[in-house]
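In what follows, a single structure is set out as structure tokens and then discussed.
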Amino acid sequence: MTVSPSGTPTRPASRRLGPAVPAPRRIGDAAPAAEDAPRPVLRLDGVSKVFPNGRAALRDVDLRVPEGDFMFLVGPSGAGKSTLLRLVIRDELASSGHVIVDGDDVARIPRRRLPNLRRKIGVVFQDYKLLPSKTVRENVAFALEVTGTPRRLVRPAVDRVLGLVGLSDFSDSLPAQLSGGEQQRTAIARALVHDPRLIIADEPTGNLDPLISWEIIQLLLRINELGVTVLMASHDADVVTALRRRVVALEDGRIVRDEIGGAYHRET
Ligand code: ADP
């Protein structure tokens with residue numbers, strides 16, 4: 001197994017998405033002084049997940065995702081990919097082991113600090129999960145409103161991310177008026193609007209044709225270049241192979257491969 005080096009890729013000097021929403025730490029801010037190595041944005045230490053029905057979805061998973069990584073999580077259906085992602089956003093709790101996001105053990109974060117965790121992680125789903133009765137702008141703004149962002153900061157933040165994903169001209173459209181790719185870009189804008197440190201994308205191209213999938217991947221790569229760590233579960237072998245990024249493969253709840261520049265299939 002080739003383990004990912006702990007170093008992070010070189011990034012442009014300015015990695016900030018732009019001034020808008022104040023947060024304790026912003027994209028582009030220097031990492032806090034650590035002893036030596038940079039603190040990983042995400043760390044899993046000996047994580048297992050056994051569901052109440054006895055099904056073991058993850059078995060003793062160790063994983064480090066340094067800041068700036070673009071990492072694919074691959075593996076057959078049922079391998080544990082979604083479970084791993086759900087543990088990171090504390091949709092589920094690990095049965096044993098620790099899930100550490102930006103230095104915090106997610107299982108120990110007190111309820112009142114949970115919005116803080118949610119702001120650090122932007123989530124993108126295969127089926128977009130947009131609110132059908134809200135416009136593009138309202139869908140993105142809603143993510144800020146529910147976390148109590150002051151009204152005067154919402155509009156500039158929304159404009160900024162809609163510009164970033166190329167949807168400024170669609171801000172008043174309803175999701176039903178958009179193509180699949182445009183809906184996914186809306187979802188990416190919503191995931192970005194908090195200036196997250198980590199974007200988690202669960203099969204974000206699963207409902208899109210190859211050309212549009214490629215556009216979405218390009219967008220995620222651009223966001224990664226701005227300094228946001230990206231963790232993407234994918235079945236899309238072509239994309240994973242072409243990009244030669246870090247690939248972590250799960251099988252039956254275990255990490256069976258972790259390599260930089262890896263292909264989707266072990267043989268390729
Ligand atoms: P993947 O995303 O790789 O397809 P999942 O993480 O969805 O895999 O599932 C891993 C395993 O855990 C599967 O066997 C699945 O059936 C099981 N599983 C997932 N969620 C639950 C649940 N809530 N209760 C019981 N078993 C579950």
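We label chains A, B, ... in the order they appear in the structure tokens, count residues from 1 in each chain, and number ligands from 1 in the order shown.
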Could I get the residue neighbourhood of ligand 1 at 6 Å, counting only C-alpha atoms and all ligand atoms, as a ChimeraX atom specification? /A:51,53,55,57,76-83
Once DSSP has gone over the backbone, tell me which residues of region 30-258 of chain A are in strand (DSSP E or B), as a ChimeraX atom specification. /A:42-50,56-65,70-74,96-101,104-105,121-125,198-202,229-233,246-251,254-258
Within 8 Å of region 188-195 of chain A, counting only C-alpha atoms, which residues show up once you throw out same-chain ones fewer than 4 positions away? Write them as a PyMOL selection string, please. chain A and resi 17+21+26-27+119-124+139-141+143-144+157-158+161-162+164-165+184+199
From the set A:Thr147, A:Gln126, A:Ser48, A:Ser168, which residue has the shortest atom-to-atom contact distance to Val99 (chain A), counting only C-alpha atoms?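 Of A:Thr147, A:Gln126, A:Ser48, A:Ser168, the one nearest Val99 (chain A) is A:Ser48, counting only C-alpha atoms.
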Near Val61 (chain A), counting only C-alpha atoms, which residues have an atom at most 10 Å away, once you skip same-chain residues fewer than 4 positions from it, shown as a JSON list (two decimals) with N, CA and C atoms, in the first residue's frame?
[["chain", "number", "residue", "atom", "x", "y", "z"],
["A", 43, "ARG", "N", -9.02, 13.38, 10.02],
["A", 43, "ARG", "CA", -8.24, 12.21, 10.46],
["A", 43, "ARG", "C", -9.21, 11.17, 10.99],
["A", 44, "LEU", "N", -9.05, 9.95, 10.57],
["A", 44, "LEU", "CA", -9.80, 8.85, 11.16],
["A", 44, "LEU", "C", -8.80, 7.94, 11.84],
["A", 45, "ASP", "N", -9.01, 7.67, 13.11],
["A", 45, "ASP", "CA", -8.11, 6.80, 13.86],
["A", 45, "ASP", "C", -8.87, 5.56, 14.30],
["A", 46, "GLY", "N", -8.55, 4.44, 13.70],
["A", 46, "GLY", "CA", -9.13, 3.17, 14.11],
["A", 46, "GLY", "C", -10.65, 3.16, 14.12],
["A", 47, "VAL", "N", -11.25, 3.73, 13.08],
["A", 47, "VAL", "CA", -12.70, 3.90, 13.08],
["A", 47, "VAL", "C", -13.42, 2.64, 12.58],
["A", 48, "SER", "N", -14.34, 2.18, 13.40],
["A", 48, "SER", "CA", -15.24, 1.10, 12.99],
["A", 48, "SER", "C", -16.67, 1.56, 13.16],
["A", 49, "LYS", "N", -17.52, 1.05, 12.30],
["A", 49, "LYS", "CA", -18.95, 1.34, 12.43],
["A", 49, "LYS", "C", -19.74, 0.05, 12.25],
["A", 84, "LEU", "N", -18.59, 6.31, 5.69],
["A", 84, "LEU", "CA", -17.43, 7.10, 6.10],
["A", 84, "LEU", "C", -17.75, 8.59, 6.02],
["A", 97, "GLY", "N", -13.18, 4.14, 17.77],
["A", 97, "GLY", "CA", -12.23, 4.99, 17.06],
["A", 97, "GLY", "C", -12.66, 6.44, 17.08],
["A", 98, "HIS", "N", -11.87, 7.28, 16.41],
["A", 98, "HIS", "CA", -12.10, 8.73, 16.45],
["A", 98, "HIS", "C", -12.12, 9.32, 15.06],
["A", 99, "VAL", "N", -13.08, 10.23, 14.86],
["A", 99, "VAL", "CA", -13.14, 11.01, 13.62],
["A", 99, "VAL", "C", -12.80, 12.44, 14.01],
["A", 250, "LEU", "N", -11.95, 1.49, -0.66],
["A", 250, "LEU", "CA", -12.56, 0.70, 0.42],
["A", 250, "LEU", "C", -13.11, -0.59, -0.15],
["A", 253, "GLY", "N", -15.54, -2.40, 4.01],
["A", 253, "GLY", "CA", -15.30, -1.61, 5.21],
["A", 253, "GLY", "C", -13.85, -1.37, 5.57],
["A", 254, "ARG", "N", -12.94, -1.87, 4.76],
["A", 254, "ARG", "CA", -11.52, -1.66, 5.05],
["A", 254, "ARG", "C", -10.86, -0.89, 3.92],
["A", 255, "ILE", "N", -9.84, -0.10, 4.28],
["A", 255, "ILE", "CA", -9.04, 0.55, 3.24],
["A", 255, "ILE", "C", -8.09, -0.49, 2.67],
["A", 256, "VAL", "N", -8.23, -0.72, 1.37],
["A", 256, "VAL", "CA", -7.37, -1.74, 0.74],
["A", 256, "VAL", "C", -6.32, -1.09, -0.17]]
Could you tell me which of A:Asp202, A:Asp104, A:Asp169, A:Asp159 comes closest to Arg86 (chain A) if we count only C-alpha atoms?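 Among A:Asp202, A:Asp104, A:Asp169, A:Asp159, it is A:Asp202 that comes nearest to Arg86 (chain A).
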What does the structure give for the distance between CA of Arg152 (chain A) and CA of Phe170 (chain A), in Å to one decimal?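 These atoms are spaced 21.3 Å apart.
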What's around Asn207 (chain A) at 9 Å? Count only C-alpha atoms, leave out sequence neighbours fewer than 4 positions away in its own chain, and write the answer as a PyMOL selection string. chain A and resi 126-127+180-181+203+213
Could you give me, as CSV, every region 163-213 of chain A residue with an atom at most 9 Å from region 225-230 of chain A, plus its closest atom pair and distance in Å to one decimal, counting only C-alpha atoms, rows ordered by chain then number?
residue,atom,partner,partner_atom,distance
A:Asp195,CA,A:Val228,CA,8.4
A:Pro196,CA,A:Val228,CA,7.0
A:Arg197,CA,A:Val228,CA,5.4
A:Leu198,CA,A:Thr229,CA,4.7
A:Ile199,CA,A:Val230,CA,4.8
A:Ile200,CA,A:Val230,CA,6.1
A:Ala201,CA,A:Val230,CA,7.6
DSSP-assigned alpha helix (DSSP H) members of region 157-206 of chain A, reported as an MDAnalysis selection string: chainID A and resid 157:164 180:192
Any chance you could export the current selection's N, CA and C atoms as an mmCIF file, in the first residue's frame?
data_model
loop_
_atom_site.group_PDB
_atom_site.id
_atom_site.type_symbol
_atom_site.label_atom_id
_atom_site.label_comp_id
_atom_site.auth_asym_id
_atom_site.auth_seq_id
_atom_site.Cartn_x
_atom_site.Cartn_y
_atom_site.Cartn_z
ATOM 1 N N ALA A 157 -22.116 37.238 0.090
ATOM 2 C CA ALA A 157 -21.543 35.878 0.122
ATOM 3 C C ALA A 157 -22.164 35.022 -0.976
ATOM 4 N N VAL A 158 -23.477 35.153 -1.155
ATOM 5 C CA VAL A 158 -24.164 34.354 -2.173
ATOM 6 C C VAL A 158 -23.696 34.782 -3.566
ATOM 7 N N ASP A 159 -23.613 36.080 -3.796
ATOM 8 C CA ASP A 159 -23.153 36.566 -5.107
ATOM 9 C C ASP A 159 -21.762 36.032 -5.429
ATOM 10 N N ARG A 160 -20.929 36.035 -4.418
ATOM 11 C CA ARG A 160 -19.543 35.597 -4.602
ATOM 12 C C ARG A 160 -19.477 34.133 -5.050
ATOM 13 N N VAL A 161 -20.211 33.263 -4.362
ATOM 14 C CA VAL A 161 -20.101 31.838 -4.728
ATOM 15 C C VAL A 161 -20.855 31.530 -6.023
ATOM 16 N N LEU A 162 -21.934 32.260 -6.289
ATOM 17 C CA LEU A 162 -22.626 32.031 -7.563
ATOM 18 C C LEU A 162 -21.714 32.432 -8.720
ATOM 19 N N GLY A 163 -20.939 33.490 -8.519
ATOM 20 C CA GLY A 163 -19.964 33.875 -9.533
ATOM 21 C C GLY A 163 -18.902 32.799 -9.710
ATOM 22 N N LEU A 164 -18.458 32.273 -8.600
ATOM 23 C CA LEU A 164 -17.403 31.248 -8.628
ATOM 24 C C LEU A 164 -17.839 29.998 -9.399
ATOM 25 N N GLY A 180 -29.248 19.327 -15.006
ATOM 26 C CA GLY A 180 -28.649 18.601 -13.882
ATOM 27 C C GLY A 180 -27.319 19.222 -13.461
ATOM 28 N N GLY A 181 -26.511 19.589 -14.460
ATOM 29 C CA GLY A 181 -25.205 20.176 -14.153
ATOM 30 C C GLY A 181 -25.349 21.508 -13.424
ATOM 31 N N GLU A 182 -26.344 22.293 -13.863
ATOM 32 C CA GLU A 182 -26.567 23.588 -13.196
ATOM 33 C C GLU A 182 -27.084 23.389 -11.773
ATOM 34 N N GLN A 183 -27.927 22.378 -11.590
ATOM 35 C CA GLN A 183 -28.402 22.093 -10.223
ATOM 36 C C GLN A 183 -27.229 21.680 -9.337
ATOM 37 N N GLN A 184 -26.336 20.870 -9.905
ATOM 38 C CA GLN A 184 -25.197 20.445 -9.076
ATOM 39 C C GLN A 184 -24.275 21.631 -8.781
ATOM 40 N N ARG A 185 -24.148 22.543 -9.739
ATOM 41 C CA ARG A 185 -23.327 23.736 -9.460
ATOM 42 C C ARG A 185 -23.982 24.591 -8.369
ATOM 43 N N THR A 186 -25.304 24.632 -8.364
ATOM 44 C CA THR A 186 -26.003 25.341 -7.282
ATOM 45 C C THR A 186 -25.668 24.683 -5.940
ATOM 46 N N ALA A 187 -25.707 23.357 -5.940
ATOM 47 C CA ALA A 187 -25.416 22.630 -4.697
ATOM 48 C C ALA A 187 -23.967 22.874 -4.258
ATOM 49 N N ILE A 188 -23.074 23.002 -5.223
ATOM 50 C CA ILE A 188 -21.670 23.268 -4.878
ATOM 51 C C ILE A 188 -21.542 24.686 -4.312
ATOM 52 N N ALA A 189 -22.279 25.626 -4.903
ATOM 53 C CA ALA A 189 -22.271 26.996 -4.366
ATOM 54 C C ALA A 189 -22.782 26.993 -2.928
ATOM 55 N N ARG A 190 -23.833 26.240 -2.684
ATOM 56 C CA ARG A 190 -24.385 26.156 -1.321
ATOM 57 C C ARG A 190 -23.344 25.549 -0.367
ATOM 58 N N ALA A 191 -22.618 24.541 -0.853
ATOM 59 C CA ALA A 191 -21.607 23.900 -0.001
ATOM 60 C C ALA A 191 -20.453 24.857 0.302
ATOM 61 N N LEU A 192 -20.212 25.789 -0.630
ATOM 62 C CA LEU A 192 -19.056 26.683 -0.507
ATOM 63 C C LEU A 192 -19.334 27.938 0.290
#
So, counting only C-alpha atoms, which residue among A:Leu117, A:Ile217, A:Val146, A:Val248 is closest to Asp62 (chain A)?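 Under the stated criterion, the closest residue is A:Val248.
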